[in-house]
Amino acid sequence: MKPLSLFSVVIPARDEEASLPGTLRELYAEFARSGVPHELIVVDDGSRDSTWAVLQSLRPELPTLVSVRSPGPHGFGRAILCGFDHVRGDAVVVIMADASDLPSDAVSYWKVLNEGYECVFGSRFMKGGSVVDYPRIKLLVNRMANLFIRLMFHFKLNDTTNAFKAYRREVIEGCRPYLAQHFNLTVEIPLKAIVRGYTWTVIPISWRNRRHGAAKLKIKEMGSRYFFICMYVWLEKYFSRGDYRRPPTAR
């Protein structure tokens with residue numbers, strides 16, 4: 001695989017005025033310290049607080065910051081797709097605005113992508129991974145959902161639902177079109193990448209609960225959407241006869 005030249009960080013943000021300054025400063029400092037060429041693309045997804053004003057105030061301090069306003073309709077997945085449309089890099093990582101993902105893990109993703117993999121998935125639940133202050137009910141639902149996906153697709157990835165993953169740009173383009181418009185996009189992308197034959201690996205990562213604001217994921221609202229996307233990709237895997245797999249020349 002050709003060497004990578006720019007790491008595009010896509011950060012969907014809705015009402016994250018308190019979290020963004022710390023998140024962006026930590027990311028910028030870690031990437032600068034590690035020598036990772038990057039851009040920080042923050043998509044304001046219809047915030048009702050001062051998120052947009054905070055982003056504008058940070059631009060002189062963070063020269064790699066790119067602030068984008070999602071035109072709507074709004075939704076977590078739609079914000080990520082809006083960010084994808086503004087990517088200039090040849091590799092992409094999706095990071096949460098609430099500082100739950102560690103910048104050092106993003107650097108590890110960059111290094112593994114440069115080893116030749118097309119996708120790097122992090123797992124909080126493998127040896128070397130960790131979670132801090134994970135709400136107990138959400139943790140139980142998370143483990144049940146990921147077990148269901150593992151049994152459905154017969155692979156060893158045990159943290160498919162986590163949004164924090166990295167891809168070479170050709171994977172993002174090769175998995176279009178996307179149906180998911182909410183948090184279920186974080187399942188659609190890795191499942192499609194695996195089913196369509198892109199190379200991938202898993203490394204341990206750490207996760208910490210947000211320090212500011214409220215979580216946006218609503219379990220009751222997302223259950224049927226996750227199930228729909230899993231069934232959609234499952235049907236592609238077993239009934240499309242490989243029509244959507246990337247051509248051998250792309251390997």
# chains A, B, ... in the order shown; residues from 1 in each chain; ligands from 1

call {"tool": "residues_around", "arguments": {"residues": "Ser67 of chain A", "least_positions_apart": "5", "cutoff": "8 Å", "atoms": "only C-alpha atoms", "output": "list in words"}}
result
Ile41, Val42, Val43, Asp44, Leu55 and Gln56 of chain A

call {"tool": "residues_around", "arguments": {"residues": "Thr201 of chain A", "least_positions_apart": "2", "cutoff": "7 Å", "atoms": "only C-alpha atoms", "output": "PyMOL selection string"}}
result
chain A and resi 119-121+203

call {"tool": "closest_residue", "arguments": {"among": "A:Glu188, A:Glu170, A:Asp85, A:Glu26", "to": "Asp101 of chain A", "atoms": "only C-alpha atoms"}}
result
A:Glu26

call {"tool": "closest_residue", "arguments": {"among": "A:Arg136, A:Arg33, A:His154, A:Lys2", "to": "Ala91 of chain A", "atoms": "only C-alpha atoms"}}
result
A:Lys2

call {"tool": "closest_residue", "arguments": {"among": "A:Ala106, A:Leu40, A:Met126, A:Leu20", "to": "His86 of chain A", "atoms": "only C-alpha atoms"}}
result
A:Leu40

call {"tool": "closest_residue", "arguments": {"among": "A:Pro63, A:Gly75, A:Gly122, A:Ser5", "to": "Tyr28 of chain A", "atoms": "only C-alpha atoms"}}
result
A:Pro63

call {"tool": "atom_distance", "arguments": {"atom1": "atom CA of Arg143 of chain A", "atom2": "atom CA of Ala79 of chain A"}}
result
25.8 Å

call {"tool": "residues_around", "arguments": {"residues": "Phe7 of chain A", "least_positions_apart": "5", "cutoff": "7 Å", "atoms": "only C-alpha atoms", "output": "PyMOL selection string"}}
result
chain A and resi 37-39+89-92

call {"tool": "select_by_dssp", "arguments": {"residues": "segment 27-241 of chain A", "states": "strand (DSSP E or B)", "output": "JSON, numbers by chain"}}
result
{"A": [38, 39, 40, 41, 42, 43, 44, 65, 66, 67, 68, 69, 91, 92, 93, 94, 101, 119, 120, 121, 122, 123, 130, 131, 132, 165, 166, 167, 168, 200, 201, 202, 203, 204, 206, 207, 208]}

call {"tool": "closest_atom_pairs", "arguments": {"of": "segment 9-125 of chain A", "to": "segment 174-177 of chain A", "cutoff": "12 Å", "atoms": "only C-alpha atoms", "output": "Markdown table"}}
result
| residue | atom | partner | partner_atom | distance |
| --- | --- | --- | --- | --- |
| A:Leu81 | CA | A:Arg176 | CA | 10.3 |
| A:Phe84 | CA | A:Arg176 | CA | 11.2 |
| A:Asp85 | CA | A:Arg176 | CA | 12.0 |
| A:Glu118 | CA | A:Gly174 | CA | 11.4 |

call {"tool": "atom_distance", "arguments": {"atom1": "atom CA of Gly223 of chain A", "atom2": "atom CA of Val171 of chain A"}}
result
25.9 Å

call {"tool": "residues_around", "arguments": {"residues": "Gly77 of chain A", "least_positions_apart": "6", "cutoff": "6 Å", "atoms": "only C-alpha atoms", "output": "PyMOL selection string"}}
result
chain A and resi 181-183+185

call {"tool": "atom_distance", "arguments": {"atom1": "atom CA of Asn146 of chain A", "atom2": "atom CA of Arg78 of chain A"}}
result
22.8 Å

call {"tool": "closest_residue", "arguments": {"among": "A:Pro60, A:Gly128, A:Pro103, A:Pro12", "to": "Ile80 of chain A", "atoms": "only C-alpha atoms"}}
result
A:Pro12

call {"tool": "select_by_dssp", "arguments": {"residues": "segment 37-138 of chain A", "states": "helix (DSSP H, G or I)", "output": "NGL selection string"}}
result
:A and (51-58 or 76-84 or 103-113 or 136-138)

call {"tool": "write_last_selection", "arguments": {"atoms": "N, CA, C and O atoms", "output": "compact mmCIF listing (two decimals), in the first residue's frame"}}
result
# COMPACT_ATOMS: atom_id res chain seq x y z
N THR A 51 -21.34 26.23 20.39
CA THR A 51 -20.34 25.36 19.75
C THR A 51 -19.67 26.05 18.57
O THR A 51 -18.44 26.02 18.44
N TRP A 52 -20.44 26.66 17.69
CA TRP A 52 -19.86 27.30 16.51
C TRP A 52 -18.94 28.45 16.90
O TRP A 52 -17.85 28.60 16.33
N ALA A 53 -19.35 29.25 17.86
CA ALA A 53 -18.52 30.37 18.31
C ALA A 53 -17.22 29.86 18.93
O ALA A 53 -16.15 30.45 18.74
N VAL A 54 -17.29 28.77 19.67
CA VAL A 54 -16.09 28.17 20.26
C VAL A 54 -15.13 27.74 19.17
O VAL A 54 -13.91 27.96 19.26
N LEU A 55 -15.65 27.13 18.12
CA LEU A 55 -14.80 26.68 17.02
C LEU A 55 -14.10 27.85 16.36
O LEU A 55 -12.90 27.78 16.04
N GLN A 56 -14.81 28.93 16.15
CA GLN A 56 -14.20 30.10 15.51
C GLN A 56 -13.11 30.70 16.40
O GLN A 56 -12.08 31.17 15.91
N SER A 57 -13.31 30.67 17.70
CA SER A 57 -12.32 31.24 18.62
C SER A 57 -11.05 30.38 18.68
O SER A 57 -9.97 30.89 19.01
N LEU A 58 -11.17 29.09 18.36
CA LEU A 58 -10.02 28.18 18.44
C LEU A 58 -9.19 28.17 17.16
O LEU A 58 -8.04 27.69 17.17
N PHE A 76 -26.31 12.17 13.96
CA PHE A 76 -24.91 11.81 14.16
C PHE A 76 -24.27 11.27 12.88
O PHE A 76 -23.19 11.71 12.47
N GLY A 77 -24.95 10.34 12.22
CA GLY A 77 -24.41 9.78 10.98
C GLY A 77 -24.34 10.79 9.86
O GLY A 77 -23.37 10.82 9.10
N ARG A 78 -25.35 11.64 9.78
CA ARG A 78 -25.34 12.67 8.74
C ARG A 78 -24.18 13.64 8.94
O ARG A 78 -23.57 14.11 7.98
N ALA A 79 -23.87 13.94 10.20
CA ALA A 79 -22.74 14.84 10.48
C ALA A 79 -21.43 14.21 10.04
O ALA A 79 -20.55 14.88 9.48
N ILE A 80 -21.26 12.92 10.28
CA ILE A 80 -20.04 12.23 9.86
C ILE A 80 -19.93 12.23 8.34
O ILE A 80 -18.85 12.51 7.78
N LEU A 81 -21.02 11.94 7.65
CA LEU A 81 -21.00 11.94 6.19
C LEU A 81 -20.70 13.33 5.64
O LEU A 81 -20.00 13.47 4.63
N CYS A 82 -21.20 14.36 6.32
CA CYS A 82 -20.86 15.73 5.92
C CYS A 82 -19.36 15.96 6.08
O CYS A 82 -18.72 16.58 5.22
N GLY A 83 -18.79 15.44 7.17
CA GLY A 83 -17.35 15.55 7.36
C GLY A 83 -16.58 14.83 6.29
O GLY A 83 -15.56 15.33 5.79
N PHE A 84 -17.05 13.63 5.90
CA PHE A 84 -16.39 12.88 4.83
C PHE A 84 -16.32 13.69 3.53
O PHE A 84 -15.34 13.61 2.78
N PRO A 103 -6.18 10.58 22.18
CA PRO A 103 -5.37 10.98 21.02
C PRO A 103 -4.22 10.02 20.72
O PRO A 103 -3.87 9.80 19.56
N SER A 104 -3.63 9.44 21.76
CA SER A 104 -2.52 8.51 21.55
C SER A 104 -2.98 7.27 20.79
O SER A 104 -2.22 6.68 20.01
N ASP A 105 -4.24 6.85 20.99
CA ASP A 105 -4.78 5.72 20.22
C ASP A 105 -4.96 6.09 18.76
O ASP A 105 -4.78 5.26 17.87
N ALA A 106 -5.35 7.35 18.49
CA ALA A 106 -5.47 7.81 17.10
C ALA A 106 -4.11 7.75 16.40
O ALA A 106 -4.01 7.39 15.22
N VAL A 107 -3.05 8.11 17.11
CA VAL A 107 -1.70 8.02 16.55
C VAL A 107 -1.36 6.56 16.25
O VAL A 107 -0.76 6.25 15.21
N SER A 108 -1.76 5.65 17.12
CA SER A 108 -1.53 4.22 16.87
C SER A 108 -2.26 3.77 15.62
O SER A 108 -1.71 2.98 14.82
N TYR A 109 -3.48 4.26 15.42
CA TYR A 109 -4.21 3.94 14.19
C TYR A 109 -3.41 4.36 12.96
O TYR A 109 -3.30 3.63 11.98
N TRP A 110 -2.90 5.59 13.00
CA TRP A 110 -2.12 6.12 11.87
C TRP A 110 -0.92 5.22 11.56
O TRP A 110 -0.65 4.91 10.38
N LYS A 111 -0.24 4.78 12.58
CA LYS A 111 0.93 3.93 12.38
C LYS A 111 0.55 2.59 11.77
O LYS A 111 1.24 2.07 10.87
N VAL A 112 -0.57 2.01 12.24
CA VAL A 112 -0.99 0.70 11.72
C VAL A 112 -1.47 0.83 10.27
O VAL A 112 -1.18 -0.03 9.43
N LEU A 113 -2.18 1.90 9.95
CA LEU A 113 -2.58 2.12 8.56
C LEU A 113 -1.36 2.21 7.66
O LEU A 113 -1.37 1.72 6.53
N ARG A 136 -23.30 1.32 33.70
CA ARG A 136 -23.48 -0.13 33.77
C ARG A 136 -24.52 -0.65 32.78
O ARG A 136 -24.31 -1.67 32.12
N ILE A 137 -25.65 0.02 32.68
CA ILE A 137 -26.70 -0.45 31.77
C ILE A 137 -26.23 -0.37 30.32
O ILE A 137 -26.43 -1.32 29.54
N LYS A 138 -25.59 0.73 29.96
CA LYS A 138 -25.09 0.86 28.59
C LYS A 138 -24.02 -0.18 28.29
O LYS A 138 -23.92 -0.69 27.17

call {"tool": "residues_around", "arguments": {"residues": "segment 235-243 of chain A", "least_positions_apart": "4", "cutoff": "9 Å", "atoms": "only C-alpha atoms", "output": "list in words"}}
result
Phe153, Lys192, Val195, Arg196, Cys230 and Met231 of chain A
